[in-house]
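Enquirer: I am attaching a structure below and will ask some questions about it afterwards.
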Amino acid sequence: MNFKHLKYFWTVAKAGGVVRAGEQLHTTPQTLSGQIKQLEQWLGHDLFRKRGRGLELTSEGRVALGYAEQIFALGDELEKSVRLSRDQAKTLEFRVGIADSVAKPVAYHLLEPALGLVDRVHMICHEGKFPELLAQLTLHRLDLVIADEPVSRKVGVKAFNHALGTSAMSFFCAPSLARQLHGPFPQCLHRAPMLIQVPTSSVRQQLDHWFNKYQLQPLIVGEFDDSALMNAFGREGRGVFTSPSVLEDETMAQFGVEIVGKTSELVEEFFAISVERRITHPCVSAITRAARAKLFAL
């Protein structure tokens, strides 16, 4: 197909006639008519029919116009995305998914190094359920998924786990609730109001075993798949809640809570999951380096 002919057809259709289109394209109506006639011969259908002094599209012409609209719209997008002037900085798009079970401050500290690259970064963050984010990753709609569990081979998703680090878990509560707890940690948690993760989370599974080990039976007030919402309830004194120990100072300052205790028997792991076995994306490389060298200091 000659795309110059398609461009002439598209312009005539939008202008409503060859005279107006010729003025826009700075060419004669005869030239336009000849070019469109060649396109019609190539397609095997008339694209216009006369209507009074003007032209109207045939049914085949309307179909062709729809495709032409898409073709030239994509051309405009290509020019905007790829063509850069000499003094225009390159922008690197980075699409990342964050599992809703990952604490928001952890997600921020993990992602922040990507914004420190020499190239300007346009970060697009999506929060959601881990399986849904993995599906988007395999469709190449995401460059990376941040999660607190690895992708399992049983899932059947071709993706690779890049371990970022681990953190012990700390228990927090509002000062008003802390005054009601009795005994040393962890015995003070027995019969205490508790805010915990949903049963499907990796931390919750560890918590259940840990409670059984120490014969603790806390009063479960609420179960959450969003750590930010759980922390908000904890701030209001509704129950004791857990958060990664690497965030102890930040959690106390942000929510005005106290540390009840900490244990290395409960560990939260963090992973960067990508379709790359060997990391090549600059943002993913920056994230993994900073996490291992600073945040978790593996």
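Labels for the structure tokens follow display order: chains A, B, ..., residues from 1 in each chain, ligands from 1.
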Give me the residues within 12 Å of Phe185 of chain A as a list of chain:residue names, counting only C-alpha atoms and dropping any in the same chain fewer than 5 places off.
Expert: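 The residues satisfying every condition are A:Ser170, A:Phe171, A:Phe172, A:Ala178, A:His190, A:Ala192, A:Tyr214, A:Leu216, A:Ile259, A:Val260, A:Gly261, A:Lys262, A:Thr263.
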Enquirer: Quick one: everything within 9 Å of segment 202-210 of chain A, counting only C-alpha atoms, minus sequence neighbours fewer than 3 positions away in the same chain. Send it as a PyMOL selection string.
Expert: chain A and resi 148-149+196-199+213-216+265-269
Enquirer: Please produce a file of those selected residues containing N, CA, C and O atoms, as an mmCIF file, in the first residue's frame.
Expert:
data_model
loop_
_atom_site.group_PDB
_atom_site.id
_atom_site.type_symbol
_atom_site.label_atom_id
_atom_site.label_comp_id
_atom_site.auth_asym_id
_atom_site.auth_seq_id
_atom_site.Cartn_x
_atom_site.Cartn_y
_atom_site.Cartn_z
ATOM 1 N N ASP A 148 6.032 -9.187 48.740
ATOM 2 C CA ASP A 148 6.632 -9.742 49.950
ATOM 3 C C ASP A 148 6.617 -11.271 49.904
ATOM 4 O O ASP A 148 6.691 -11.929 50.944
ATOM 5 N N GLU A 149 6.515 -11.815 48.722
ATOM 6 C CA GLU A 149 6.622 -13.261 48.516
ATOM 7 C C GLU A 149 7.129 -13.508 47.102
ATOM 8 O O GLU A 149 6.897 -12.688 46.198
ATOM 9 N N ILE A 196 -4.258 -8.063 62.284
ATOM 10 C CA ILE A 196 -3.318 -8.929 61.567
ATOM 11 C C ILE A 196 -3.656 -8.996 60.076
ATOM 12 O O ILE A 196 -4.709 -8.553 59.636
ATOM 13 N N GLN A 197 -2.726 -9.577 59.342
ATOM 14 C CA GLN A 197 -2.886 -9.741 57.907
ATOM 15 C C GLN A 197 -3.892 -10.869 57.605
ATOM 16 O O GLN A 197 -4.168 -11.707 58.454
ATOM 17 N N VAL A 198 -4.397 -10.877 56.387
ATOM 18 C CA VAL A 198 -5.339 -11.927 55.973
ATOM 19 C C VAL A 198 -4.610 -13.265 55.899
ATOM 20 O O VAL A 198 -3.383 -13.318 55.758
ATOM 21 N N PRO A 199 -5.332 -14.381 55.988
ATOM 22 C CA PRO A 199 -4.695 -15.706 56.033
ATOM 23 C C PRO A 199 -3.818 -16.046 54.833
ATOM 24 O O PRO A 199 -2.913 -16.874 54.939
ATOM 25 N N LYS A 213 3.314 -21.518 68.909
ATOM 26 C CA LYS A 213 4.560 -21.875 69.585
ATOM 27 C C LYS A 213 4.592 -21.333 71.010
ATOM 28 O O LYS A 213 5.027 -22.023 71.944
ATOM 29 N N TYR A 214 4.148 -20.092 71.184
ATOM 30 C CA TYR A 214 4.195 -19.460 72.507
ATOM 31 C C TYR A 214 2.850 -19.535 73.227
ATOM 32 O O TYR A 214 2.666 -18.875 74.260
ATOM 33 N N GLN A 215 1.932 -20.330 72.704
ATOM 34 C CA GLN A 215 0.611 -20.542 73.311
ATOM 35 C C GLN A 215 -0.107 -19.214 73.575
ATOM 36 O O GLN A 215 -0.646 -18.981 74.649
ATOM 37 N N LEU A 216 -0.097 -18.387 72.540
ATOM 38 C CA LEU A 216 -0.735 -17.074 72.632
ATOM 39 C C LEU A 216 -2.067 -17.102 71.884
ATOM 40 O O LEU A 216 -2.169 -17.660 70.797
ATOM 41 N N GLU A 265 12.186 -14.195 64.753
ATOM 42 C CA GLU A 265 11.551 -15.457 64.357
ATOM 43 C C GLU A 265 10.499 -15.222 63.273
ATOM 44 O O GLU A 265 10.112 -16.159 62.567
ATOM 45 N N LEU A 266 10.016 -14.000 63.190
ATOM 46 C CA LEU A 266 9.098 -13.605 62.121
ATOM 47 C C LEU A 266 9.871 -12.739 61.134
ATOM 48 O O LEU A 266 10.463 -11.730 61.526
ATOM 49 N N VAL A 267 9.887 -13.149 59.899
ATOM 50 C CA VAL A 267 10.683 -12.451 58.889
ATOM 51 C C VAL A 267 9.821 -12.118 57.684
ATOM 52 O O VAL A 267 9.089 -12.975 57.174
ATOM 53 N N GLU A 268 9.888 -10.869 57.250
ATOM 54 C CA GLU A 268 9.209 -10.481 56.007
ATOM 55 C C GLU A 268 10.251 -10.335 54.914
ATOM 56 O O GLU A 268 11.254 -9.628 55.084
ATOM 57 N N GLU A 269 10.014 -11.020 53.805
ATOM 58 C CA GLU A 269 10.928 -10.978 52.673
ATOM 59 C C GLU A 269 10.371 -10.047 51.597
ATOM 60 O O GLU A 269 9.161 -9.891 51.478
#
Enquirer: Would you mind reading off the distance between atom CA of Lys4 of chain A and atom CA of Leu39 of chain A, one decimal, in Å?
Expert: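 Value for the atom CA of Lys4 of chain A-atom CA of Leu39 of chain A distance: 9.5 Å.
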Enquirer: With a distance cut-off of 10 Å and only C-alpha atoms, select the neighbouring residues of Arg289 of chain A, excluding the residue or stretch itself and same-chain residues fewer than 4 positions from it, and output the selection as a VMD selection string.
Expert: chain A and resid 110 113 164 284 to 285 293 to 295 297
Enquirer: Please identify all polymer residues within 12 Å of Leu47 of chain A, counting only C-alpha atoms, omitting same-chain residues fewer than 5 positions from it, and present them as a list in words.
Expert: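 Those residues are Leu6, Phe9, Trp10, Val12, Ala13, Ser33, Ile36, Lys37, Gln38, Leu39, Glu40, Gln41, Trp42, Leu55, Glu56, Leu57, Thr58, Ser59, Glu60, Gly61, Arg62, Val63, Ala64 and Leu65 of chain A.
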Enquirer: Once you have the residues from the selection above, write them out as an mmCIF file, in the first residue's frame, restricted to C-alpha atoms.
Expert:
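Once everything was written out, this is out.cif:
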data_model
loop_
_atom_site.group_PDB
_atom_site.id
_atom_site.type_symbol
_atom_site.label_atom_id
_atom_site.label_comp_id
_atom_site.auth_asym_id
_atom_site.auth_seq_id
_atom_site.Cartn_x
_atom_site.Cartn_y
_atom_site.Cartn_z
ATOM 1 C CA LEU A 6 -3.887 6.809 2.083
ATOM 2 C CA PHE A 9 -7.755 9.861 1.011
ATOM 3 C CA TRP A 10 -7.810 10.628 4.744
ATOM 4 C CA VAL A 12 -10.185 14.453 1.515
ATOM 5 C CA ALA A 13 -12.517 12.520 3.823
ATOM 6 C CA SER A 33 -8.399 12.553 -7.514
ATOM 7 C CA ILE A 36 -7.263 8.341 -4.620
ATOM 8 C CA LYS A 37 -8.281 6.505 -7.774
ATOM 9 C CA GLN A 38 -5.035 4.486 -7.543
ATOM 10 C CA LEU A 39 -5.834 3.622 -3.917
ATOM 11 C CA GLU A 40 -9.348 2.503 -4.909
ATOM 12 C CA GLN A 41 -7.912 0.298 -7.650
ATOM 13 C CA TRP A 42 -5.463 -1.258 -5.189
ATOM 14 C CA LEU A 55 -18.463 13.593 -1.949
ATOM 15 C CA GLU A 56 -19.586 11.077 0.619
ATOM 16 C CA LEU A 57 -17.911 7.911 1.836
ATOM 17 C CA THR A 58 -19.083 4.503 0.701
ATOM 18 C CA SER A 59 -19.392 1.735 3.275
ATOM 19 C CA GLU A 60 -15.916 0.544 2.252
ATOM 20 C CA GLY A 61 -14.706 4.134 2.521
ATOM 21 C CA ARG A 62 -15.930 4.373 6.122
ATOM 22 C CA VAL A 63 -14.025 1.186 6.968
ATOM 23 C CA ALA A 64 -10.900 2.537 5.283
ATOM 24 C CA LEU A 65 -11.238 5.853 7.124
#
Enquirer: Give me, as a PyMOL selection string, the residues of segment 55-272 of chain A that a backbone DSSP run labels alpha helix (DSSP H).
Expert: chain A and resi 59-82+104-111+130-138+175-178+202-213+227-235+248-255
Enquirer: Mind checking which residues fall within 12 Å of Arg179 of chain A, counting only C-alpha atoms, ignoring those fewer than 4 positions away in the same chain, and posting them as a PDB file with all heavy atoms, in the first residue's frame?
Expert:
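Written output follows (result.pdb):
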ATOM      1  N   CYS A 173       1.706  -0.553  69.084  1.00  0.00           N
ATOM      2  CA  CYS A 173       0.339  -0.187  69.466  1.00  0.00           C
ATOM      3  C   CYS A 173       0.330   1.243  69.980  1.00  0.00           C
ATOM      4  O   CYS A 173       1.387   1.818  70.281  1.00  0.00           O
ATOM      5  CB  CYS A 173      -0.243  -1.143  70.506  1.00  0.00           C
ATOM      6  SG  CYS A 173       0.456  -0.974  72.159  1.00  0.00           S
ATOM      7  N   ALA A 174      -0.853   1.813  70.061  1.00  0.00           N
ATOM      8  CA  ALA A 174      -1.009   3.173  70.572  1.00  0.00           C
ATOM      9  C   ALA A 174      -0.654   3.199  72.060  1.00  0.00           C
ATOM     10  O   ALA A 174      -0.828   2.200  72.769  1.00  0.00           O
ATOM     11  CB  ALA A 174      -2.438   3.644  70.354  1.00  0.00           C
ATOM     12  N   PRO A 175      -0.152   4.332  72.573  1.00  0.00           N
ATOM     13  CA  PRO A 175       0.203   4.436  73.999  1.00  0.00           C
ATOM     14  C   PRO A 175      -0.943   4.061  74.933  1.00  0.00           C
ATOM     15  O   PRO A 175      -0.724   3.433  75.973  1.00  0.00           O
ATOM     16  CB  PRO A 175       0.590   5.906  74.157  1.00  0.00           C
ATOM     17  CG  PRO A 175       1.072   6.307  72.799  1.00  0.00           C
ATOM     18  CD  PRO A 175       0.191   5.560  71.834  1.00  0.00           C
ATOM     19  N   GLY A 183       2.708  -7.902  81.486  1.00  0.00           N
ATOM     20  CA  GLY A 183       3.720  -8.944  81.363  1.00  0.00           C
ATOM     21  C   GLY A 183       4.735  -8.633  80.278  1.00  0.00           C
ATOM     22  O   GLY A 183       4.607  -7.679  79.510  1.00  0.00           O
ATOM     23  N   CYS A 188       2.606 -10.679  76.734  1.00  0.00           N
ATOM     24  CA  CYS A 188       1.654  -9.577  76.870  1.00  0.00           C
ATOM     25  C   CYS A 188       0.631  -9.548  75.733  1.00  0.00           C
ATOM     26  O   CYS A 188      -0.382  -8.836  75.819  1.00  0.00           O
ATOM     27  CB  CYS A 188       2.397  -8.246  76.944  1.00  0.00           C
ATOM     28  SG  CYS A 188       3.369  -7.861  75.473  1.00  0.00           S
ATOM     29  N   ALA A 192      -4.771  -9.970  74.053  1.00  0.00           N
ATOM     30  CA  ALA A 192      -4.710  -8.553  73.673  1.00  0.00           C
ATOM     31  C   ALA A 192      -5.379  -8.366  72.306  1.00  0.00           C
ATOM     32  O   ALA A 192      -5.335  -9.264  71.459  1.00  0.00           O
ATOM     33  CB  ALA A 192      -3.263  -8.087  73.589  1.00  0.00           C
ATOM     34  N   GLY A 237      -5.603   2.988  68.296  1.00  0.00           N
ATOM     35  CA  GLY A 237      -5.672   2.167  69.499  1.00  0.00           C
ATOM     36  C   GLY A 237      -6.585   0.974  69.410  1.00  0.00           C
ATOM     37  O   GLY A 237      -6.977   0.407  70.436  1.00  0.00           O
ATOM     38  N   VAL A 257       2.867   5.666  67.700  1.00  0.00           N
ATOM     39  CA  VAL A 257       2.715   4.417  68.447  1.00  0.00           C
ATOM     40  C   VAL A 257       4.011   4.039  69.149  1.00  0.00           C
ATOM     41  O   VAL A 257       5.056   4.656  68.937  1.00  0.00           O
ATOM     42  CB  VAL A 257       2.284   3.274  67.484  1.00  0.00           C
ATOM     43  CG1 VAL A 257       0.881   3.530  66.948  1.00  0.00           C
ATOM     44  CG2 VAL A 257       3.270   3.118  66.323  1.00  0.00           C
ATOM     45  N   GLU A 258       3.920   3.011  69.985  1.00  0.00           N
ATOM     46  CA  GLU A 258       5.076   2.517  70.730  1.00  0.00           C
ATOM     47  C   GLU A 258       5.418   1.102  70.290  1.00  0.00           C
ATOM     48  O   GLU A 258       4.559   0.379  69.774  1.00  0.00           O
ATOM     49  CB  GLU A 258       4.783   2.522  72.235  1.00  0.00           C
ATOM     50  CG  GLU A 258       4.459   3.883  72.809  1.00  0.00           C
ATOM     51  CD  GLU A 258       4.137   3.805  74.293  1.00  0.00           C
ATOM     52  OE1 GLU A 258       4.165   2.677  74.858  1.00  0.00           O
ATOM     53  OE2 GLU A 258       3.840   4.859  74.886  1.00  0.00           O
ATOM     54  N   VAL A 260       5.980  -2.607  71.116  1.00  0.00           N
ATOM     55  CA  VAL A 260       5.634  -3.595  72.134  1.00  0.00           C
ATOM     56  C   VAL A 260       6.748  -4.634  72.251  1.00  0.00           C
ATOM     57  O   VAL A 260       7.095  -5.084  73.345  1.00  0.00           O
ATOM     58  CB  VAL A 260       4.294  -4.288  71.781  1.00  0.00           C
ATOM     59  CG1 VAL A 260       3.966  -5.372  72.797  1.00  0.00           C
ATOM     60  CG2 VAL A 260       3.174  -3.258  71.689  1.00  0.00           C
TER      61      VAL A 260
END
Enquirer: Pick out the residues sitting within 9 Å of Glu276 of chain A, and hand them over as a PyMOL selection string; count only C-alpha atoms, and ignore anything fewer than 3 positions along from it in its own chain.
Expert: chain A and resi 159-160+273+279-281
Enquirer: Could you dump the residues just selected with all heavy atoms as a CSV table (one decimal), in the first residue's frame?
Expert:
chain,number,residue,atom,x,y,z
A,159,ALA,N,8.5,-15.8,35.2
A,159,ALA,CA,9.0,-14.6,35.8
A,159,ALA,C,10.1,-15.0,36.7
A,159,ALA,O,10.2,-16.2,37.1
A,159,ALA,CB,7.9,-13.8,36.5
A,160,PHE,N,11.0,-14.1,37.1
A,160,PHE,CA,12.1,-14.4,37.9
A,160,PHE,C,12.2,-13.5,39.2
A,160,PHE,O,11.8,-12.3,39.2
A,160,PHE,CB,13.4,-14.1,37.1
A,160,PHE,CG,13.5,-15.0,35.9
A,160,PHE,CD1,13.1,-14.5,34.6
A,160,PHE,CD2,14.0,-16.3,35.9
A,160,PHE,CE1,13.1,-15.2,33.5
A,160,PHE,CE2,14.0,-17.1,34.8
A,160,PHE,CZ,13.6,-16.5,33.5
A,273,ILE,N,10.3,-8.7,41.1
A,273,ILE,CA,9.9,-9.8,40.2
A,273,ILE,C,9.8,-9.2,38.8
A,273,ILE,O,9.1,-8.2,38.6
A,273,ILE,CB,8.6,-10.5,40.6
A,273,ILE,CG1,8.7,-11.0,42.0
A,273,ILE,CG2,8.2,-11.6,39.6
A,273,ILE,CD1,7.4,-11.5,42.6
A,279,ILE,N,19.0,-8.8,35.1
A,279,ILE,CA,18.4,-7.5,35.1
A,279,ILE,C,19.2,-6.5,34.1
A,279,ILE,O,20.4,-6.4,34.2
A,279,ILE,CB,18.5,-6.9,36.5
A,279,ILE,CG1,17.7,-7.7,37.5
A,279,ILE,CG2,18.1,-5.4,36.6
A,279,ILE,CD1,17.8,-7.3,38.9
A,280,THR,N,18.4,-5.9,33.3
A,280,THR,CA,18.9,-4.9,32.3
A,280,THR,C,18.2,-3.6,32.4
A,280,THR,O,18.8,-2.6,32.0
A,280,THR,CB,18.8,-5.4,30.9
A,280,THR,OG1,17.4,-5.7,30.6
A,280,THR,CG2,19.6,-6.7,30.7
A,281,HIS,N,17.0,-3.5,32.9
A,281,HIS,CA,16.3,-2.2,33.0
A,281,HIS,C,17.0,-1.4,34.0
A,281,HIS,O,17.2,-1.8,35.2
A,281,HIS,CB,14.9,-2.5,33.5
A,281,HIS,CG,14.0,-1.3,33.2
A,281,HIS,ND1,14.1,-0.1,33.9
A,281,HIS,CD2,12.9,-1.1,32.4
A,281,HIS,CE1,13.2,0.7,33.6
A,281,HIS,NE2,12.5,0.2,32.6
